[in-house]
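File shown: final.csv (CSV, C-alpha atoms).
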```csv
chain,number,residue,atom,x,y,z
A,1,MET,CA,99.1,130.9,142.9
A,2,LEU,CA,95.4,130.4,142.3
A,3,ASN,CA,94.3,127.9,139.7
A,4,ASP,CA,91.7,128.8,137.0
A,5,ARG,CA,88.8,127.4,139.1
A,6,LYS,CA,89.6,129.3,142.2
A,7,LYS,CA,90.2,132.5,140.2
A,8,ASN,CA,86.8,132.2,138.6
A,9,LEU,CA,85.1,131.3,141.9
A,10,LEU,CA,86.4,134.6,143.4
A,11,LEU,CA,85.5,136.5,140.3
A,12,TYR,CA,82.0,135.1,140.3
A,13,HIS,CA,81.5,136.0,144.0
A,14,PHE,CA,82.3,139.6,143.0
A,15,ILE,CA,79.8,139.4,140.1
A,16,VAL,CA,77.1,138.1,142.5
A,17,PHE,CA,77.8,141.0,144.8
A,18,LEU,CA,77.2,143.3,141.9
A,19,TYR,CA,74.0,141.4,141.1
A,20,GLY,CA,72.9,142.2,144.7
A,21,PHE,CA,72.5,145.8,143.5
A,22,THR,CA,70.1,144.9,140.6
A,23,SER,CA,67.2,144.4,143.0
A,24,ILE,CA,67.9,147.7,144.6
A,25,PHE,CA,67.9,149.5,141.2
A,26,GLY,CA,64.8,147.6,140.3
A,27,ALA,CA,63.0,149.1,143.3
A,28,LEU,CA,64.6,152.6,142.9
A,29,ILE,CA,63.7,153.0,139.2
A,30,SER,CA,60.2,154.3,138.8
A,31,LEU,CA,59.5,152.4,135.6
A,32,GLN,CA,57.6,149.1,135.4
A,33,ALA,CA,59.4,145.8,135.0
A,34,LEU,CA,59.3,145.4,131.2
A,35,PRO,CA,60.6,148.9,130.3
A,36,ILE,CA,63.4,148.4,132.9
A,37,VAL,CA,64.5,145.2,131.2
A,38,ILE,CA,64.3,146.7,127.7
A,39,TYR,CA,66.6,149.6,128.9
A,40,ARG,CA,68.9,147.2,130.6
A,41,MET,CA,69.3,144.8,127.7
A,42,PHE,CA,69.8,147.4,125.0
A,43,ILE,CA,72.3,149.4,127.2
A,44,GLY,CA,74.1,146.2,128.1
A,45,ALA,CA,74.3,145.3,124.4
A,46,LEU,CA,75.5,148.8,123.5
A,47,GLY,CA,78.3,148.6,126.1
A,48,LEU,CA,79.6,145.4,124.5
A,49,ALA,CA,79.2,146.7,121.0
A,50,ILE,CA,81.4,149.7,121.9
A,51,PHE,CA,83.9,147.3,123.4
A,52,PHE,CA,83.9,145.2,120.1
A,53,PHE,CA,84.4,148.3,117.9
A,54,ILE,CA,87.3,149.6,119.9
A,55,LEU,CA,89.2,146.4,120.6
A,56,ASN,CA,88.1,143.5,118.3
A,57,PRO,CA,85.3,143.8,115.7
A,58,SER,CA,85.6,140.0,115.0
A,59,TYR,CA,83.7,139.4,118.2
A,60,PHE,CA,80.5,140.3,116.2
A,61,ARG,CA,80.9,137.0,114.4
A,62,LEU,CA,78.7,134.2,115.7
A,63,ASN,CA,78.7,130.7,114.4
A,64,LYS,CA,75.3,130.4,112.7
A,65,LYS,CA,74.7,126.8,113.8
A,66,PHE,CA,74.3,128.1,117.3
A,67,LEU,CA,71.9,130.9,116.4
A,68,LYS,CA,68.8,129.1,117.5
A,69,LYS,CA,70.2,128.2,120.9
A,70,VAL,CA,71.5,131.8,121.4
A,71,PHE,CA,68.1,133.1,120.3
A,72,PHE,CA,66.3,130.9,122.9
A,73,SER,CA,68.8,131.8,125.6
A,74,GLY,CA,68.2,135.5,124.9
A,75,ILE,CA,64.5,135.1,125.3
A,76,ILE,CA,65.0,133.1,128.6
A,77,ILE,CA,67.3,135.7,130.2
A,78,GLY,CA,64.9,138.5,129.1
A,79,ALA,CA,61.9,136.6,130.6
A,80,HIS,CA,64.0,135.9,133.8
A,81,TRP,CA,64.7,139.6,134.3
A,82,VAL,CA,61.2,140.7,133.6
A,83,THR,CA,59.7,138.2,136.1
A,84,PHE,CA,62.5,139.2,138.6
A,85,PHE,CA,61.8,142.9,138.5
A,86,TYR,CA,58.0,142.3,138.3
A,87,ALA,CA,58.1,140.2,141.5
A,88,ILE,CA,60.1,143.0,143.2
A,89,LYS,CA,57.5,145.6,142.1
A,90,ILE,CA,54.5,143.6,143.4
A,91,SER,CA,56.0,142.1,146.6
A,92,THR,CA,59.4,143.0,148.2
A,93,ILE,CA,63.1,142.7,147.5
A,94,SER,CA,63.5,140.3,150.4
A,95,ILE,CA,60.9,137.9,149.2
A,96,THR,CA,62.0,137.9,145.6
A,97,LEU,CA,65.7,137.3,146.5
A,98,SER,CA,64.9,134.6,149.0
A,99,MET,CA,62.9,132.7,146.4
A,100,MET,CA,65.8,132.8,144.0
A,101,SER,CA,67.6,130.4,146.4
A,102,ALA,CA,65.4,127.6,145.0
A,103,GLY,CA,67.5,127.8,141.9
A,104,ALA,CA,70.0,125.3,143.2
A,105,LEU,CA,67.4,122.6,143.7
A,106,ILE,CA,65.9,123.4,140.3
A,107,THR,CA,69.3,123.1,138.7
A,108,ALA,CA,69.9,119.8,140.5
A,109,LEU,CA,66.7,118.5,138.9
A,110,ILE,CA,66.9,119.7,135.3
A,111,ASP,CA,70.7,119.7,134.7
A,112,PRO,CA,70.9,115.9,134.8
A,113,ILE,CA,67.9,115.7,132.4
A,114,TYR,CA,69.4,118.1,130.0
A,115,ASN,CA,72.9,116.6,130.1
A,116,ARG,CA,71.7,113.0,130.4
A,117,LYS,CA,73.5,112.2,133.6
A,118,LYS,CA,72.6,110.6,136.9
A,119,ILE,CA,70.6,112.7,139.4
A,120,SER,CA,72.5,113.5,142.5
A,121,ILE,CA,70.6,112.1,145.6
A,122,TYR,CA,72.4,114.4,148.1
A,123,GLU,CA,71.6,117.5,146.0
A,124,ILE,CA,68.0,116.5,145.9
A,125,PHE,CA,68.1,115.9,149.7
A,126,PHE,CA,69.4,119.3,150.4
A,127,GLY,CA,67.1,120.8,147.8
A,128,CYS,CA,64.1,119.3,149.7
A,129,ILE,CA,65.3,121.1,152.8
A,130,THR,CA,65.3,124.2,150.7
A,131,ILE,CA,61.7,123.6,149.7
A,132,MET,CA,60.8,123.2,153.4
A,133,GLY,CA,62.1,126.7,154.0
A,134,VAL,CA,60.2,128.0,151.0
A,135,ILE,CA,56.9,126.4,152.4
A,136,ILE,CA,57.5,128.3,155.7
A,137,ILE,CA,57.9,131.5,153.8
A,138,TYR,CA,54.7,130.8,151.8
A,139,ARG,CA,52.7,130.3,155.0
A,140,ALA,CA,54.3,133.4,156.6
A,141,GLU,CA,53.7,135.8,153.7
A,142,LEU,CA,50.5,134.7,152.0
A,143,GLN,CA,49.7,138.3,151.1
A,144,HIS,CA,52.7,138.1,148.7
A,145,LEU,CA,51.7,134.7,147.2
A,146,ILE,CA,51.7,136.0,143.6
A,147,GLY,CA,55.1,137.6,144.1
A,148,ILE,CA,56.5,134.4,145.6
A,149,THR,CA,55.2,132.3,142.7
A,150,ILE,CA,56.6,134.6,140.1
A,151,SER,CA,59.9,134.7,141.9
A,152,LEU,CA,60.1,130.9,141.8
A,153,PHE,CA,59.4,130.9,138.1
A,154,SER,CA,62.1,133.5,137.7
A,155,ALA,CA,64.5,131.1,139.6
A,156,PHE,CA,63.6,128.3,137.2
A,157,LEU,CA,64.4,130.6,134.2
A,158,SER,CA,67.7,131.5,135.7
A,159,SER,CA,68.6,127.8,136.2
A,160,LEU,CA,67.6,127.0,132.7
A,161,PHE,CA,69.6,129.8,131.2
A,162,THR,CA,72.7,128.8,133.2
A,163,ILE,CA,72.5,125.2,132.0
A,164,LEU,CA,71.9,126.1,128.4
A,165,ASN,CA,74.8,128.6,128.4
A,166,ARG,CA,77.2,126.2,129.9
A,167,SER,CA,77.0,124.1,126.8
A,168,LEU,CA,77.1,127.1,124.4
A,169,VAL,CA,80.2,128.7,126.1
A,170,ARG,CA,82.3,125.6,125.4
A,171,GLU,CA,82.2,126.3,121.6
A,172,ASN,CA,81.7,130.0,121.4
A,173,ASN,CA,83.3,133.3,122.5
A,174,PHE,CA,81.6,134.2,125.8
A,175,THR,CA,81.6,137.9,125.0
A,176,THR,CA,80.0,137.3,121.6
A,177,LEU,CA,77.3,135.2,123.3
A,178,SER,CA,76.7,137.9,125.9
A,179,PHE,CA,76.1,140.5,123.1
A,180,TYR,CA,73.7,138.5,121.0
A,181,GLU,CA,71.7,137.2,124.0
A,182,LEU,CA,71.3,140.8,125.4
A,183,LEU,CA,70.4,142.2,121.9
A,184,ILE,CA,68.0,139.4,121.1
A,185,GLY,CA,66.4,139.5,124.5
A,186,GLY,CA,66.0,143.3,124.3
A,187,VAL,CA,64.4,143.1,120.8
A,188,VAL,CA,62.0,140.3,121.9
A,189,CYS,CA,61.0,142.2,125.1
A,190,LEU,CA,60.4,145.3,123.0
A,191,ILE,CA,58.2,143.5,120.5
A,192,PHE,CA,56.3,141.8,123.3
A,193,TYR,CA,55.7,145.3,124.9
A,194,LEU,CA,54.5,146.8,121.6
A,195,ILE,CA,52.1,143.9,121.0
A,196,THR,CA,50.6,144.0,124.5
A,197,ASN,CA,50.7,147.7,125.3
A,198,GLY,CA,51.2,149.7,122.1
A,199,TYR,CA,53.8,152.5,122.4
A,200,LYS,CA,53.3,154.9,125.3
A,201,SER,CA,56.2,157.3,125.8
A,202,SER,CA,55.3,157.7,129.5
A,203,ASP,CA,56.2,154.0,130.1
A,204,PHE,CA,59.8,154.8,129.2
A,205,GLU,CA,60.0,158.3,130.8
A,206,LEU,CA,63.0,158.5,133.2
A,207,LYS,CA,62.3,160.6,136.3
A,208,GLY,CA,64.7,161.9,139.0
A,209,TYR,CA,67.7,159.7,139.3
A,210,ASP,CA,66.2,157.0,137.0
A,211,PHE,CA,68.7,157.9,134.2
A,212,LEU,CA,71.7,157.3,136.5
A,213,TRP,CA,70.3,154.0,137.9
A,214,VAL,CA,69.5,152.7,134.4
A,215,LEU,CA,73.0,153.5,133.2
A,216,ILE,CA,74.6,151.7,136.1
A,217,LEU,CA,72.3,148.8,135.8
A,218,GLY,CA,72.9,148.6,132.0
A,219,PHE,CA,76.7,149.1,131.8
A,220,LEU,CA,78.1,147.8,135.2
A,221,CYS,CA,75.5,145.2,136.2
A,222,THR,CA,74.8,143.9,132.7
A,223,SER,CA,77.6,144.7,130.1
A,224,TYR,CA,80.3,143.8,132.6
A,225,ALA,CA,78.6,141.5,135.1
A,226,PHE,CA,76.6,139.5,132.6
A,227,ASN,CA,79.6,139.0,130.3
A,228,VAL,CA,81.8,137.7,133.1
A,229,SER,CA,79.0,135.5,134.5
A,230,ILE,CA,79.0,133.6,131.2
A,231,LYS,CA,82.8,133.5,131.0
A,232,VAL,CA,83.0,131.6,134.3
A,233,LEU,CA,80.8,128.8,133.0
A,234,ARG,CA,83.9,127.5,131.2
A,235,HIS,CA,85.4,126.6,134.6
A,236,LEU,CA,82.5,126.1,137.0
A,237,SER,CA,79.6,123.7,136.9
A,238,SER,CA,75.9,124.8,136.5
A,239,PHE,CA,75.2,123.7,140.1
A,240,THR,CA,78.2,125.6,141.5
A,241,VAL,CA,77.1,128.7,139.7
A,242,MET,CA,73.6,128.5,141.1
A,243,MET,CA,75.0,127.8,144.6
A,244,ILE,CA,77.1,131.1,144.5
A,245,ILE,CA,74.1,133.0,143.1
A,246,ASN,CA,72.4,132.2,146.4
A,247,LEU,CA,74.6,134.7,148.0
A,248,GLU,CA,72.7,137.4,146.1
A,249,PRO,CA,69.8,137.4,148.5
A,250,ILE,CA,72.2,138.1,151.4
A,251,TYR,CA,73.8,141.1,149.6
A,252,GLY,CA,70.4,142.3,148.3
A,253,ILE,CA,68.6,142.1,151.6
A,254,ILE,CA,71.4,143.7,153.6
A,255,LEU,CA,71.5,146.6,151.1
A,256,SER,CA,67.7,146.9,151.2
A,257,ILE,CA,67.8,147.1,155.0
A,258,LEU,CA,70.5,149.7,154.9
A,259,ILE,CA,68.6,151.8,152.4
A,260,TRP,CA,65.0,151.3,153.5
A,261,LYS,CA,65.5,150.2,157.1
A,262,ASP,CA,62.3,148.8,158.6
A,263,GLU,CA,60.6,148.5,155.3
A,264,ALA,CA,62.8,145.5,154.4
A,265,PHE,CA,61.9,143.6,157.6
A,266,LEU,CA,59.2,140.9,157.4
A,267,SER,CA,57.7,138.4,159.8
A,268,LEU,CA,59.8,136.1,162.0
A,269,ASN,CA,58.6,133.0,160.0
A,270,PHE,CA,60.0,134.6,156.8
A,271,TYR,CA,63.5,134.8,158.2
A,272,ILE,CA,63.2,131.3,159.7
A,273,GLY,CA,62.4,130.0,156.3
A,274,PHE,CA,65.1,132.1,154.7
A,275,VAL,CA,67.7,130.7,157.2
A,276,ILE,CA,66.6,127.2,156.4
A,277,VAL,CA,67.0,127.8,152.7
A,278,LEU,CA,70.5,129.3,153.0
A,279,SER,CA,71.6,126.6,155.6
A,280,SER,CA,70.7,123.8,153.2
A,281,ILE,CA,72.7,125.4,150.4
A,282,TYR,CA,75.8,125.7,152.6
A,283,MET,CA,75.4,122.2,154.0
A,284,ASN,CA,75.3,120.9,150.5
A,285,SER,CA,78.5,122.9,149.7
A,286,ILE,CA,80.3,121.4,152.7
A,287,TYR,CA,79.2,117.9,151.8
A,288,ASN,CA,80.3,118.3,148.2
A,289,LYS,CA,83.8,119.4,149.3
A,290,LYS,CA,84.0,116.4,151.7
A,291,MET,CA,83.1,114.0,148.9
A,292,LYS,CA,85.7,115.4,146.6
A,293,ARG,CA,88.4,115.1,149.3
A,294,ASN,CA,87.4,111.5,149.9
A,295,LYS,CA,87.7,110.7,146.2
```

Represent the supplied structure as structure tokens.
Amino acid sequence: MLNDRKKNLLLYHFIVFLYGFTSIFGALISLQALPIVIYRMFIGALGLAIFFFILNPSYFRLNKKFLKKVFFSGIIIGAHWVTFFYAIKISTISITLSMMSAGALITALIDPIYNRKKISIYEIFFGCITIMGVIIIYRAELQHLIGITISLFSAFLSSLFTILNRSLVRENNFTTLSFYELLIGGVVCLIFYLITNGYKSSDFELKGYDFLWVLILGFLCTSYAFNVSIKVLRHLSSFTVMMIINLEPIYGIILSILIWKDEAFLSLNFYIGFVIVLSSIYMNSIYNKKMKRNK
């Protein structure tokens, strides 16, 4: 029989596989990044609200003392998705996903600061190797410099969200957290859009298969996947979660190659850097397991 940790590891691997499709939908949907995120967060919140009404309306109750943290987390996840989709729009899926691999190093740096614990030297070591890979990618794809920078910022937001939510999920229902973070994030993104753009119906006009892609993105990759991704934080550390998230680039790039073929291929240096990034992540995972066995 699998223990809770192993069950949640397997479950989160499946969720990350689903997340691999989000970059594909981001490229397929004809809308700009901000409208995509607004659709995604409101549809995701709607899916959870329907679940609450049918099965357990008490899930709408949120402890008010955590409202500020939940509000902040909603803004962070909204900003993460906006920068993520924006990076895809202005660069490529491959570049955006590979830069997300830096999230493990970022987590290794900011998690000890937030939780007031000792910084792990070996995590920093492997994280530095990751940065070497990132530098190679920077030099190889200078024409995508802005996209790379935005992707790295998106990785930072993802790490910050994971760390904050791990503390929240210990004292709150994970499904309730998911609903309010999606709802708050959607509202804040909509307000930001209205302030910066005014309302233009054309910005939200769904064309072709956009409606189908938005529904799948909202219900499957958000209502379900986002909810489960918060649930596993009860059993997995922030760093472990970020390590598993680094499988998303593999799934996303493979899918993009299958769909767009040669369009997904970049320079040789890009893939050298990408392999270095992933290798450092898995070397860290092997080292971590060895240390636990020795203890």

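Nearest to A:Arg40 of all the residues A:Ile136, A:Cys221, A:Leu258, A:Leu212 is A:Cys221, based on only C-alpha atoms.
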
Residues of stretch 75-169 of chain A within 8 Å of stretch 184-200 of chain A: nearest atom pair and distance (Å, one decimal) for each, counting only C-alpha atoms, sorted by chain and number, as CSV?
```
residue,atom,partner,partner_atom,distance
A:Ile75,CA,A:Gly185,CA,4.9
A:Ile76,CA,A:Gly185,CA,7.7
A:Ile77,CA,A:Gly185,CA,6.9
A:Gly78,CA,A:Gly185,CA,4.9
A:Ala79,CA,A:Cys189,CA,7.9
```

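Distance annotation: of A:Leu152, A:Leu215, A:Ile250, A:Ile121, the residue with the minimal separation from A:Gly103 is A:Leu152; atom set is all atoms listed in the file.
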
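Nearest residue to A:Met99, choosing from A:Asn269, A:Asn63, A:Thr130, A:Ser229 and counting only C-alpha atoms: A:Thr130.
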
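Taking atom CA of A:Thr162 and atom CA of A:Ser279 as the two end points, the separation is 22.5 Å.
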
Self-check item: Near-A:Phe219 list (9 Å; only C-alpha atoms; drop same-chain fewer than 5 positions) as a ChimeraX atom specification
Solution: /A:40,43-48,214,224-225

Self-check item: Å distance separating atom CA of A:Ile272 from atom CA of A:Ala102, one decimal place
Solution: 15.3 Å

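Between atom CA of A:Arg170 and atom CA of A:Val70 there is a distance of 13.1 Å.
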
Exercise. Point out the residue among A:Asp203, A:Val241, A:Val228, A:Glu248 with the least atom-to-atom distance to A:Leu34, counting all atoms listed in the file.
Key: A:Asp203

Self-check item: Contacts of A:Met132 at 10 Å (all atoms listed in the file; same-chain gap of 6+ positions) as a count of residues only
Solution: 7

Quiz item: Out of A:Phe161, A:Tyr59, A:Phe204, A:Tyr271, which residue has the shortest atom-to-atom distance to A:Thr176 when counting all atoms listed in the file?
Solution: A:Tyr59

File output, stretch 203-283 of chain A (C-alpha atoms) as a CSV table (one decimal), in the first residue's frame:
```
chain,number,residue,atom,x,y,z
A,203,ASP,CA,-10.3,41.7,-26.4
A,204,PHE,CA,-12.6,39.0,-25.1
A,205,GLU,CA,-14.0,37.7,-28.4
A,206,LEU,CA,-13.5,34.0,-28.8
A,207,LYS,CA,-12.8,32.8,-32.3
A,208,GLY,CA,-12.7,29.3,-33.8
A,209,TYR,CA,-11.9,26.7,-31.2
A,210,ASP,CA,-11.1,29.4,-28.5
A,211,PHE,CA,-14.3,28.6,-26.6
A,212,LEU,CA,-13.4,24.9,-26.3
A,213,TRP,CA,-9.8,25.6,-25.3
A,214,VAL,CA,-10.9,28.2,-22.7
A,215,LEU,CA,-13.4,25.7,-21.1
A,216,ILE,CA,-10.8,22.9,-20.9
A,217,LEU,CA,-8.2,25.4,-19.5
A,218,GLY,CA,-10.7,26.7,-17.0
A,219,PHE,CA,-12.4,23.5,-15.7
A,220,LEU,CA,-9.8,20.8,-16.2
A,221,CYS,CA,-6.5,22.6,-15.9
A,222,THR,CA,-7.7,25.1,-13.3
A,223,SER,CA,-10.8,24.0,-11.3
A,224,TYR,CA,-9.4,20.4,-10.9
A,225,ALA,CA,-5.7,20.7,-11.3
A,226,PHE,CA,-5.2,23.9,-9.3
A,227,ASN,CA,-7.4,22.6,-6.5
A,228,VAL,CA,-5.4,19.3,-6.3
A,229,SER,CA,-2.1,21.2,-6.5
A,230,ILE,CA,-3.0,23.0,-3.3
A,231,LYS,CA,-4.1,19.8,-1.6
A,232,VAL,CA,-0.8,18.1,-2.0
A,233,LEU,CA,1.0,20.8,-0.1
A,234,ARG,CA,-0.3,19.2,3.1
A,235,HIS,CA,2.0,16.2,2.3
A,236,LEU,CA,4.9,17.6,0.2
A,237,SER,CA,7.4,20.3,0.9
A,238,SER,CA,7.6,23.5,-1.2
A,239,PHE,CA,10.9,22.4,-2.7
A,240,THR,CA,9.6,19.0,-3.7
A,241,VAL,CA,6.6,20.6,-5.4
A,242,MET,CA,8.8,22.9,-7.4
A,243,MET,CA,11.0,20.0,-8.3
A,244,ILE,CA,8.1,18.1,-9.8
A,245,ILE,CA,6.9,21.2,-11.5
A,246,ASN,CA,10.1,21.1,-13.5
A,247,LEU,CA,8.6,18.1,-15.4
A,248,GLU,CA,6.1,20.5,-17.0
A,249,PRO,CA,8.7,21.8,-19.5
A,250,ILE,CA,9.3,18.3,-20.7
A,251,TYR,CA,5.6,17.6,-21.2
A,252,GLY,CA,5.0,21.0,-22.7
A,253,ILE,CA,7.9,21.0,-25.2
A,254,ILE,CA,7.1,17.4,-26.3
A,255,LEU,CA,3.5,18.4,-26.9
A,256,SER,CA,4.5,21.6,-28.7
A,257,ILE,CA,6.9,19.6,-31.0
A,258,LEU,CA,4.1,17.1,-31.7
A,259,ILE,CA,1.7,19.9,-32.6
A,260,TRP,CA,3.9,22.5,-34.3
A,261,LYS,CA,6.8,20.2,-35.3
A,262,ASP,CA,9.8,22.3,-36.5
A,263,GLU,CA,8.4,25.5,-35.0
A,264,ALA,CA,9.2,24.3,-31.5
A,265,PHE,CA,12.9,23.6,-32.3
A,266,LEU,CA,15.5,26.2,-31.3
A,267,SER,CA,19.3,26.5,-31.4
A,268,LEU,CA,21.6,23.7,-30.2
A,269,ASN,CA,22.8,25.9,-27.3
A,270,PHE,CA,19.2,26.3,-26.1
A,271,TYR,CA,18.9,22.5,-25.7
A,272,ILE,CA,22.3,22.2,-24.1
A,273,GLY,CA,21.2,24.8,-21.5
A,274,PHE,CA,17.9,23.1,-21.1
A,275,VAL,CA,19.6,19.7,-20.4
A,276,ILE,CA,21.9,21.3,-17.9
A,277,VAL,CA,18.9,22.8,-16.1
A,278,LEU,CA,17.0,19.5,-15.9
A,279,SER,CA,20.1,17.5,-15.0
A,280,SER,CA,20.8,19.7,-12.0
A,281,ILE,CA,17.3,19.2,-10.8
A,282,TYR,CA,17.4,15.4,-11.0
A,283,MET,CA,20.9,15.3,-9.5
```
